[in-house]
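Everything on this sheet refers to the single structure shown next.
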Amino acid sequence: MADVRPLRGLRYAQDRVSNLARVVTPPYDIITPEAQARYYERDPYNIIRLELGKTTDHDNDLDNVYTRAAAYLSEWRNQGVLHMEEQPCYYLYQQLFTHTDQVYTRTSLLARVRLEPWSARVVLPHEHTMKKAKADRLNLYRACATNLSPIMSLFEDPQGRMRRLLATYAEHPQIQFQDEEGVEHRLHPIQDQQHIALIQDFFSERQLYIADGHHRYETALAYRDELKEQRKELHPGDAANFTLMSLIDVDDPGMLVLPTHRLLTNLAPTMQAQLTGEQLKRYFTVEALATRTSKDVNAHLEKAGQEQPAFVILANEQALLLRLTEQGRHYMQTSEHSEAWKHLDVAIAQRLLLEETLGLRAEDMTAGTYVRYSHDADYVFAAVEKGEAQAALLLNSTPLRQVCEVAQADDRMPQKSTYLYPKLITGLVMNPLW
């Protein structure tokens, strides 16, 4: 199964960068232009210059975001701003954070993992990818030959073996800082040879599930295959055969999955008319909620979702709680998707509400014409009340076990099915591929 190995991590030297909070960023795909500019200003060694550089009107084949990233990387290594570990090691990585007044600690293992095609069933995906994002990351790979950020992956550990081993390193982290979102990051190298052997042995019997980072994984595969073609042969131990991952127990108590709600706009009057109690009763029981506060509606939705798939529609100054009926379940069974997919709340919402009831197509979900997405229920309520959205669909979060079941079935989840909070930080540990 998974070939999980230690790495000689490329890290910021503490004697050159004493405050890591000034040089790290979130993953590239959630950085806004405003945040990008802020990170540029924050510190001359901020990882943004490698991960998501600024474009200019004068960019060309010889001077662009990718060549500049490579130049910064080389310069920082020569200056001693970045240094490589002397010996290969794993890293215990913990994130401590608060959400809705509850404190969480998410524990992961940073390691390099041998790349395998999806068909090998060693590393399993749950979503589709887009060509444009992969082309950008591949150009960055070619320029820097470095994994700048880890892919978030899940593993199963019902006996808690890895949890107990990692706990021995948690008390005295080598690195500890708080980022701009208030998330505390802790890092400690694992260099004990006996523990390294135990970790490698543990993962040799396990599959991995990608939770976040499908584009980076497929890009890593493409980069490896490109090198193999150029060199005619790639040694099995070559660093390009591996990619950086953050490995997390699927049952880790710090794993928080936020729901992704749907805001509906540009609906024709005939489409809006479908969001009435009578039209919805084809597949759902409909209950008008007396309250319109975000907190109370979410409480109703969460309670209903513990028993069966349930949703809330905000429209026409109403909050309607929908529960799936037997007729709705029967219609879901006509889908060509896997059984695991058919039981997903987000799949039921897409098929029965957005496609069947409103008549939207799959491409309408991605174009942004009719559907926008948000993880913030308060924002969703405000958008509907202000008329910024004609209606909204509130969902419960997707359990990670369901994500694994869809991946096991070799299926793909609908767009925006999961949002794992918080994101992994970029710049803490990098994996050189040279």
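Naming works like this for the structure tokens: A, B, ... for the chains as they're shown, residue 1 at the start of each chain, ligands 1 onward in shown order.
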List every residue of region 175-237 of chain A that has an atom at most 6 Å from any atom of region 84-103 of chain A, giving for each one its closest atom pair and the distance in Å to one decimal, counting only C-alpha atoms, sorted by chain and then by ascending residue number, as a tab-separated table.
residue	atom	partner	partner_atom	distance
A:Val183	CA	A:Phe97	CA	4.9
A:Glu184	CA	A:Leu96	CA	5.0
A:His185	CA	A:Gln95	CA	4.8
A:Arg186	CA	A:Gln94	CA	5.1
A:Leu187	CA	A:Tyr93	CA	4.7
A:His188	CA	A:Leu92	CA	5.2
A:Pro189	CA	A:Tyr91	CA	4.4
A:Ile190	CA	A:Tyr90	CA	4.9
A:Gln191	CA	A:Cys89	CA	5.0
Let's have the selection written as a compact mmCIF listing (two decimals), in the first residue's frame, with N, CA, C and O atoms.
# COMPACT_ATOMS: atom_id res chain seq x y z
N VAL A 183 -4.95 30.94 14.41
CA VAL A 183 -4.65 29.50 14.49
C VAL A 183 -3.22 29.33 14.99
O VAL A 183 -2.28 29.96 14.48
N GLU A 184 -3.04 28.48 15.98
CA GLU A 184 -1.70 28.20 16.50
C GLU A 184 -1.13 26.99 15.79
O GLU A 184 -1.79 25.95 15.66
N HIS A 185 0.11 27.11 15.33
CA HIS A 185 0.79 26.05 14.61
C HIS A 185 1.96 25.54 15.45
O HIS A 185 2.75 26.33 15.97
N ARG A 186 2.06 24.22 15.55
CA ARG A 186 3.14 23.59 16.30
C ARG A 186 3.81 22.53 15.42
O ARG A 186 3.12 21.76 14.75
N LEU A 187 5.13 22.51 15.46
CA LEU A 187 5.88 21.57 14.63
C LEU A 187 7.01 20.96 15.43
O LEU A 187 7.68 21.65 16.21
N HIS A 188 7.22 19.64 15.26
CA HIS A 188 8.35 18.98 15.91
C HIS A 188 8.87 17.86 15.02
O HIS A 188 8.10 17.00 14.56
N PRO A 189 10.18 17.85 14.72
CA PRO A 189 10.75 16.78 13.91
C PRO A 189 10.72 15.44 14.66
O PRO A 189 10.87 15.39 15.89
N ILE A 190 10.54 14.37 13.91
CA ILE A 190 10.59 13.01 14.46
C ILE A 190 11.81 12.33 13.84
O ILE A 190 11.81 11.96 12.67
N GLN A 191 12.87 12.20 14.63
CA GLN A 191 14.14 11.70 14.12
C GLN A 191 14.54 10.35 14.70
O GLN A 191 15.51 9.74 14.25
**Item:** Contacts of region 287-292 of chain A within 7 Å, only C-alpha atoms, excl. fewer than 3 positions in-chain, as a PyMOL selection string
**Value:** chain A and resi 296-297+318-322
What are the DSSP helix (DSSP H, G or I) residues of region 197-425 of chain A, as an mmCIF file with N, CA and C atoms, in the first residue's frame?
data_model
loop_
_atom_site.group_PDB
_atom_site.id
_atom_site.type_symbol
_atom_site.label_atom_id
_atom_site.label_comp_id
_atom_site.auth_asym_id
_atom_site.auth_seq_id
_atom_site.Cartn_x
_atom_site.Cartn_y
_atom_site.Cartn_z
ATOM 1 N N ALA A 197 10.888 3.843 11.600
ATOM 2 C CA ALA A 197 10.590 2.512 11.068
ATOM 3 C C ALA A 197 9.150 2.103 11.366
ATOM 4 N N LEU A 198 8.668 2.404 12.565
ATOM 5 C CA LEU A 198 7.285 2.077 12.931
ATOM 6 C C LEU A 198 6.286 2.819 12.050
ATOM 7 N N ILE A 199 6.577 4.085 11.765
ATOM 8 C CA ILE A 199 5.676 4.879 10.925
ATOM 9 C C ILE A 199 5.638 4.328 9.507
ATOM 10 N N GLN A 200 6.797 4.017 8.965
ATOM 11 C CA GLN A 200 6.842 3.464 7.616
ATOM 12 C C GLN A 200 6.073 2.146 7.544
ATOM 13 N N ASP A 201 6.260 1.309 8.543
ATOM 14 C CA ASP A 201 5.576 0.016 8.585
ATOM 15 C C ASP A 201 4.065 0.202 8.715
ATOM 16 N N PHE A 202 3.645 1.149 9.534
ATOM 17 C CA PHE A 202 2.219 1.407 9.742
ATOM 18 C C PHE A 202 1.532 1.756 8.424
ATOM 19 N N PHE A 203 2.122 2.654 7.647
ATOM 20 C CA PHE A 203 1.464 3.114 6.424
ATOM 21 C C PHE A 203 1.585 2.127 5.269
ATOM 22 N N HIS A 214 -6.192 17.829 -4.626
ATOM 23 C CA HIS A 214 -6.231 16.971 -5.819
ATOM 24 C C HIS A 214 -5.414 17.553 -6.971
ATOM 25 N N HIS A 215 -5.498 18.874 -7.169
ATOM 26 C CA HIS A 215 -4.746 19.500 -8.262
ATOM 27 C C HIS A 215 -3.246 19.317 -8.063
ATOM 28 N N ARG A 216 -2.780 19.502 -6.840
ATOM 29 C CA ARG A 216 -1.349 19.366 -6.580
ATOM 30 C C ARG A 216 -0.891 17.920 -6.753
ATOM 31 N N TYR A 217 -1.756 16.979 -6.390
ATOM 32 C CA TYR A 217 -1.363 15.574 -6.556
ATOM 33 C C TYR A 217 -1.249 15.225 -8.044
ATOM 34 N N GLU A 218 -2.232 15.602 -8.831
ATOM 35 C CA GLU A 218 -2.184 15.288 -10.263
ATOM 36 C C GLU A 218 -1.039 16.039 -10.945
ATOM 37 N N THR A 219 -0.728 17.227 -10.459
ATOM 38 C CA THR A 219 0.415 17.969 -10.995
ATOM 39 C C THR A 219 1.718 17.252 -10.671
ATOM 40 N N ALA A 220 1.826 16.728 -9.455
ATOM 41 C CA ALA A 220 3.023 15.974 -9.072
ATOM 42 C C ALA A 220 3.203 14.745 -9.961
ATOM 43 N N LEU A 221 2.100 14.074 -10.261
ATOM 44 C CA LEU A 221 2.161 12.930 -11.175
ATOM 45 C C LEU A 221 2.645 13.353 -12.563
ATOM 46 N N ALA A 222 2.093 14.466 -13.056
ATOM 47 C CA ALA A 222 2.475 14.947 -14.384
ATOM 48 C C ALA A 222 3.949 15.344 -14.423
ATOM 49 N N TYR A 223 4.429 15.976 -13.359
ATOM 50 C CA TYR A 223 5.833 16.386 -13.295
ATOM 51 C C TYR A 223 6.747 15.161 -13.271
ATOM 52 N N ARG A 224 6.372 14.153 -12.474
ATOM 53 C CA ARG A 224 7.159 12.921 -12.433
ATOM 54 C C ARG A 224 7.221 12.269 -13.806
ATOM 55 N N ASP A 225 6.066 12.160 -14.468
ATOM 56 C CA ASP A 225 6.019 11.513 -15.782
ATOM 57 C C ASP A 225 6.814 12.304 -16.815
ATOM 58 N N GLU A 226 6.807 13.624 -16.682
ATOM 59 C CA GLU A 226 7.557 14.472 -17.600
ATOM 60 C C GLU A 226 9.054 14.227 -17.442
ATOM 61 N N LEU A 227 9.520 14.143 -16.202
ATOM 62 C CA LEU A 227 10.938 13.865 -15.956
ATOM 63 C C LEU A 227 11.323 12.478 -16.453
ATOM 64 N N LYS A 228 10.434 11.530 -16.232
ATOM 65 C CA LYS A 228 10.715 10.153 -16.667
ATOM 66 C C LYS A 228 10.886 10.103 -18.187
ATOM 67 N N GLU A 229 10.057 10.858 -18.891
ATOM 68 C CA GLU A 229 10.160 10.882 -20.349
ATOM 69 C C GLU A 229 11.435 11.586 -20.794
ATOM 70 N N GLN A 230 11.797 12.673 -20.111
ATOM 71 C CA GLN A 230 13.000 13.422 -20.484
ATOM 72 C C GLN A 230 14.262 12.609 -20.235
ATOM 73 N N ARG A 231 14.303 11.906 -19.106
ATOM 74 C CA ARG A 231 15.517 11.178 -18.716
ATOM 75 C C ARG A 231 15.538 9.736 -19.214
ATOM 76 N N ALA A 239 13.617 11.678 -5.876
ATOM 77 C CA ALA A 239 12.705 12.514 -5.090
ATOM 78 C C ALA A 239 11.448 12.902 -5.848
ATOM 79 N N ALA A 240 11.521 12.934 -7.180
ATOM 80 C CA ALA A 240 10.353 13.307 -7.976
ATOM 81 C C ALA A 240 9.261 12.250 -7.945
ATOM 82 N N ASN A 241 9.582 11.065 -7.434
ATOM 83 C CA ASN A 241 8.573 10.009 -7.285
ATOM 84 C C ASN A 241 7.702 10.213 -6.042
ATOM 85 N N PRO A 269 -38.411 34.248 -12.984
ATOM 86 C CA PRO A 269 -39.608 34.110 -12.143
ATOM 87 C C PRO A 269 -40.153 32.687 -12.109
ATOM 88 N N THR A 270 -40.081 31.983 -13.243
ATOM 89 C CA THR A 270 -40.571 30.598 -13.264
ATOM 90 C C THR A 270 -39.712 29.691 -12.392
ATOM 91 N N MET A 271 -38.404 29.985 -12.323
ATOM 92 C CA MET A 271 -37.516 29.199 -11.477
ATOM 93 C C MET A 271 -37.770 29.504 -10.007
ATOM 94 N N GLN A 272 -37.949 30.786 -9.713
ATOM 95 C CA GLN A 272 -38.244 31.164 -8.335
ATOM 96 C C GLN A 272 -39.532 30.511 -7.838
ATOM 97 N N ALA A 273 -40.488 30.381 -8.737
ATOM 98 C CA ALA A 273 -41.782 29.811 -8.356
ATOM 99 C C ALA A 273 -41.655 28.352 -7.923
ATOM 100 N N GLY A 277 -43.585 25.485 -1.356
ATOM 101 C CA GLY A 277 -43.861 24.232 -0.672
ATOM 102 C C GLY A 277 -44.422 23.155 -1.578
ATOM 103 N N GLU A 278 -45.360 23.532 -2.458
ATOM 104 C CA GLU A 278 -46.020 22.536 -3.307
ATOM 105 C C GLU A 278 -45.047 21.899 -4.290
ATOM 106 N N GLN A 279 -44.203 22.704 -4.897
ATOM 107 C CA GLN A 279 -43.257 22.172 -5.873
ATOM 108 C C GLN A 279 -42.226 21.251 -5.221
ATOM 109 N N LEU A 280 -41.880 21.558 -3.987
ATOM 110 C CA LEU A 280 -40.842 20.787 -3.311
ATOM 111 C C LEU A 280 -41.334 19.446 -2.789
ATOM 112 N N SER A 294 -30.287 32.857 12.095
ATOM 113 C CA SER A 294 -29.311 31.890 11.596
ATOM 114 C C SER A 294 -29.061 30.780 12.610
ATOM 115 N N LYS A 295 -28.891 31.148 13.865
ATOM 116 C CA LYS A 295 -28.570 30.164 14.902
ATOM 117 C C LYS A 295 -29.685 29.145 15.060
ATOM 118 N N ASP A 296 -30.935 29.595 15.134
ATOM 119 C CA ASP A 296 -32.064 28.691 15.347
ATOM 120 C C ASP A 296 -32.305 27.801 14.130
ATOM 121 N N VAL A 297 -32.218 28.386 12.938
ATOM 122 C CA VAL A 297 -32.429 27.590 11.725
ATOM 123 C C VAL A 297 -31.363 26.511 11.604
ATOM 124 N N ASN A 298 -30.116 26.870 11.897
ATOM 125 C CA ASN A 298 -29.043 25.876 11.837
ATOM 126 C C ASN A 298 -29.249 24.757 12.853
ATOM 127 N N ALA A 299 -29.781 25.108 14.016
ATOM 128 C CA ALA A 299 -30.060 24.097 15.030
ATOM 129 C C ALA A 299 -31.120 23.121 14.528
ATOM 130 N N HIS A 300 -32.179 23.625 13.898
ATOM 131 C CA HIS A 300 -33.212 22.760 13.320
ATOM 132 C C HIS A 300 -32.619 21.859 12.229
ATOM 133 N N LEU A 301 -31.790 22.457 11.378
ATOM 134 C CA LEU A 301 -31.195 21.710 10.275
ATOM 135 C C LEU A 301 -30.277 20.607 10.782
ATOM 136 N N GLU A 302 -29.452 20.927 11.759
ATOM 137 C CA GLU A 302 -28.519 19.937 12.300
ATOM 138 C C GLU A 302 -29.268 18.774 12.966
ATOM 139 N N LYS A 303 -30.302 19.091 13.709
ATOM 140 C CA LYS A 303 -31.079 18.036 14.370
ATOM 141 C C LYS A 303 -31.764 17.142 13.349
ATOM 142 N N ALA A 304 -32.382 17.738 12.341
ATOM 143 C CA ALA A 304 -33.062 16.944 11.314
ATOM 144 C C ALA A 304 -32.069 16.083 10.545
ATOM 145 N N GLY A 305 -30.864 16.615 10.301
ATOM 146 C CA GLY A 305 -29.862 15.886 9.530
ATOM 147 C C GLY A 305 -29.268 14.693 10.244
ATOM 148 N N GLU A 326 -39.502 9.014 0.805
ATOM 149 C CA GLU A 326 -39.237 7.743 0.139
ATOM 150 C C GLU A 326 -39.202 7.925 -1.375
ATOM 151 N N GLN A 327 -40.065 8.792 -1.883
ATOM 152 C CA GLN A 327 -40.064 9.069 -3.318
ATOM 153 C C GLN A 327 -38.747 9.721 -3.742
ATOM 154 N N GLY A 328 -38.231 10.602 -2.887
ATOM 155 C CA GLY A 328 -36.939 11.221 -3.167
ATOM 156 C C GLY A 328 -35.819 10.202 -3.171
ATOM 157 N N ARG A 329 -35.847 9.281 -2.206
ATOM 158 C CA ARG A 329 -34.827 8.222 -2.163
ATOM 159 C C ARG A 329 -34.906 7.346 -3.411
ATOM 160 N N HIS A 330 -36.124 7.046 -3.826
ATOM 161 C CA HIS A 330 -36.308 6.215 -5.009
ATOM 162 C C HIS A 330 -35.734 6.902 -6.247
ATOM 163 N N TYR A 331 -35.962 8.202 -6.366
ATOM 164 C CA TYR A 331 -35.434 8.903 -7.529
ATOM 165 C C TYR A 331 -33.909 8.946 -7.494
ATOM 166 N N MET A 332 -33.309 9.090 -6.316
ATOM 167 C CA MET A 332 -31.852 9.072 -6.221
ATOM 168 C C MET A 332 -31.283 7.742 -6.688
ATOM 169 N N GLN A 333 -32.020 6.672 -6.505
ATOM 170 C CA GLN A 333 -31.545 5.351 -6.912
ATOM 171 C C GLN A 333 -31.442 5.221 -8.427
ATOM 172 N N GLU A 339 -23.573 3.914 -4.741
ATOM 173 C CA GLU A 339 -24.469 3.998 -3.580
ATOM 174 C C GLU A 339 -23.962 5.041 -2.589
ATOM 175 N N ALA A 340 -22.645 5.117 -2.434
ATOM 176 C CA ALA A 340 -22.079 6.096 -1.505
ATOM 177 C C ALA A 340 -22.444 7.512 -1.933
ATOM 178 N N TRP A 341 -22.373 7.779 -3.233
ATOM 179 C CA TRP A 341 -22.706 9.113 -3.755
ATOM 180 C C TRP A 341 -24.180 9.426 -3.542
ATOM 181 N N LYS A 342 -25.040 8.452 -3.752
ATOM 182 C CA LYS A 342 -26.486 8.665 -3.667
ATOM 183 C C LYS A 342 -26.942 9.050 -2.260
ATOM 184 N N ASP A 345 -25.682 14.193 1.307
ATOM 185 C CA ASP A 345 -26.590 15.343 1.355
ATOM 186 C C ASP A 345 -26.357 16.263 0.160
ATOM 187 N N VAL A 346 -25.093 16.560 -0.129
ATOM 188 C CA VAL A 346 -24.783 17.511 -1.178
ATOM 189 C C VAL A 346 -25.176 16.969 -2.553
ATOM 190 N N ALA A 347 -25.105 15.658 -2.740
ATOM 191 C CA ALA A 347 -25.527 15.061 -4.009
ATOM 192 C C ALA A 347 -27.050 15.111 -4.151
ATOM 193 N N ILE A 348 -27.748 14.834 -3.057
ATOM 194 C CA ILE A 348 -29.214 14.904 -3.063
ATOM 195 C C ILE A 348 -29.667 16.330 -3.351
ATOM 196 N N ALA A 349 -29.019 17.289 -2.715
ATOM 197 C CA ALA A 349 -29.365 18.698 -2.934
ATOM 198 C C ALA A 349 -29.134 19.091 -4.389
ATOM 199 N N GLN A 350 -28.009 18.655 -4.947
ATOM 200 C CA GLN A 350 -27.714 19.018 -6.329
ATOM 201 C C GLN A 350 -28.702 18.372 -7.298
ATOM 202 N N ARG A 351 -28.953 17.089 -7.108
ATOM 203 C CA ARG A 351 -29.782 16.377 -8.090
ATOM 204 C C ARG A 351 -31.255 16.748 -7.970
ATOM 205 N N LEU A 352 -31.793 16.737 -6.759
ATOM 206 C CA LEU A 352 -33.236 16.914 -6.590
ATOM 207 C C LEU A 352 -33.658 18.385 -6.518
ATOM 208 N N LEU A 353 -32.810 19.229 -5.935
ATOM 209 C CA LEU A 353 -33.207 20.625 -5.787
ATOM 210 C C LEU A 353 -32.694 21.507 -6.926
ATOM 211 N N LEU A 354 -31.389 21.452 -7.176
ATOM 212 C CA LEU A 354 -30.826 22.348 -8.177
ATOM 213 C C LEU A 354 -31.095 21.881 -9.605
ATOM 214 N N GLU A 355 -30.962 20.585 -9.856
ATOM 215 C CA GLU A 355 -31.152 20.082 -11.218
ATOM 216 C C GLU A 355 -32.619 19.805 -11.529
ATOM 217 N N GLU A 356 -33.277 18.976 -10.720
ATOM 218 C CA GLU A 356 -34.645 18.577 -11.027
ATOM 219 C C GLU A 356 -35.673 19.683 -10.748
ATOM 220 N N THR A 357 -35.550 20.352 -9.616
ATOM 221 C CA THR A 357 -36.545 21.364 -9.246
ATOM 222 C C THR A 357 -36.313 22.686 -9.979
ATOM 223 N N ALA A 362 -25.164 20.902 -14.779
ATOM 224 C CA ALA A 362 -23.907 20.776 -14.027
ATOM 225 C C ALA A 362 -22.993 21.973 -14.276
ATOM 226 N N GLU A 363 -22.941 22.454 -15.538
ATOM 227 C CA GLU A 363 -22.068 23.586 -15.835
ATOM 228 C C GLU A 363 -22.542 24.875 -15.167
ATOM 229 N N ASP A 364 -23.845 24.943 -14.846
ATOM 230 C CA ASP A 364 -24.366 26.117 -14.143
ATOM 231 C C ASP A 364 -23.819 26.207 -12.719
ATOM 232 N N MET A 365 -23.410 25.078 -12.164
ATOM 233 C CA MET A 365 -22.891 25.063 -10.789
ATOM 234 C C MET A 365 -21.478 25.656 -10.717
ATOM 235 N N THR A 366 -20.768 25.643 -11.858
ATOM 236 C CA THR A 366 -19.379 26.097 -11.855
ATOM 237 C C THR A 366 -19.207 27.485 -12.454
ATOM 238 N N ALA A 367 -20.138 27.914 -13.290
ATOM 239 C CA ALA A 367 -19.969 29.187 -13.995
ATOM 240 C C ALA A 367 -20.198 30.391 -13.099
ATOM 241 N N ALA A 377 -23.028 30.798 7.428
ATOM 242 C CA ALA A 377 -24.496 30.853 7.422
ATOM 243 C C ALA A 377 -25.000 32.266 7.687
ATOM 244 N N ASP A 378 -24.313 33.000 8.546
ATOM 245 C CA ASP A 378 -24.738 34.375 8.832
ATOM 246 C C ASP A 378 -24.661 35.233 7.568
ATOM 247 N N TYR A 379 -23.605 35.057 6.804
ATOM 248 C CA TYR A 379 -23.467 35.796 5.551
ATOM 249 C C TYR A 379 -24.577 35.420 4.581
ATOM 250 N N VAL A 380 -24.907 34.135 4.518
ATOM 251 C CA VAL A 380 -25.965 33.666 3.622
ATOM 252 C C VAL A 380 -27.302 34.310 3.984
ATOM 253 N N PHE A 381 -27.633 34.310 5.267
ATOM 254 C CA PHE A 381 -28.885 34.928 5.712
ATOM 255 C C PHE A 381 -28.916 36.406 5.331
ATOM 256 N N ALA A 382 -27.808 37.101 5.576
ATOM 257 C CA ALA A 382 -27.748 38.529 5.277
ATOM 258 C C ALA A 382 -27.883 38.786 3.782
ATOM 259 N N ALA A 383 -27.262 37.937 2.954
ATOM 260 C CA ALA A 383 -27.326 38.119 1.508
ATOM 261 C C ALA A 383 -28.752 37.991 0.989
ATOM 262 N N VAL A 384 -29.510 37.043 1.538
ATOM 263 C CA VAL A 384 -30.908 36.867 1.124
ATOM 264 C C VAL A 384 -31.756 38.039 1.605
ATOM 265 N N GLU A 385 -31.549 38.449 2.839
ATOM 266 C CA GLU A 385 -32.336 39.552 3.395
ATOM 267 C C GLU A 385 -32.088 40.865 2.664
ATOM 268 N N LEU A 400 -16.570 12.953 7.100
ATOM 269 C CA LEU A 400 -15.397 12.476 6.376
ATOM 270 C C LEU A 400 -15.494 11.001 6.020
ATOM 271 N N ARG A 401 -16.208 10.241 6.820
ATOM 272 C CA ARG A 401 -16.400 8.827 6.484
ATOM 273 C C ARG A 401 -17.109 8.673 5.142
ATOM 274 N N GLN A 402 -18.045 9.575 4.862
ATOM 275 C CA GLN A 402 -18.737 9.527 3.576
ATOM 276 C C GLN A 402 -17.787 9.887 2.431
ATOM 277 N N VAL A 403 -16.875 10.822 2.684
ATOM 278 C CA VAL A 403 -15.870 11.170 1.682
ATOM 279 C C VAL A 403 -15.048 9.923 1.324
ATOM 280 N N CYS A 404 -14.624 9.185 2.336
ATOM 281 C CA CYS A 404 -13.834 7.973 2.110
ATOM 282 C C CYS A 404 -14.641 6.915 1.357
ATOM 283 N N GLU A 405 -15.922 6.796 1.678
ATOM 284 C CA GLU A 405 -16.770 5.811 1.007
ATOM 285 C C GLU A 405 -16.931 6.127 -0.476
ATOM 286 N N VAL A 406 -17.074 7.409 -0.802
ATOM 287 C CA VAL A 406 -17.171 7.812 -2.206
ATOM 288 C C VAL A 406 -15.853 7.513 -2.918
ATOM 289 N N ALA A 407 -14.733 7.792 -2.260
ATOM 290 C CA ALA A 407 -13.427 7.510 -2.851
ATOM 291 C C ALA A 407 -13.241 6.011 -3.047
ATOM 292 N N GLN A 408 -13.656 5.211 -2.072
ATOM 293 C CA GLN A 408 -13.559 3.754 -2.199
ATOM 294 C C GLN A 408 -14.376 3.243 -3.373
#
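Shell of region 146-154 of chain A at 6 Å, with only C-alpha atoms counted and residues fewer than 5 places along the chain excluded, is Leu208, Tyr209, Ile210, Ala211, Asp212, Gly213, Leu244, Met245, Ser246, Leu247, Ile248, Asp249, Val250, Thr426, Met430, Asn431, Pro432 and Leu433 of chain A.
Take the candidates A:Thr105, A:Pro33, A:Arg42, A:Glu75 and check each one against Lys54 (chain A) using only C-alpha atoms; the shortest distance goes to A:Pro33.
Separating CA of Gln308 (chain A) from CA of Leu420 (chain A) is a distance of 22.4 Å.
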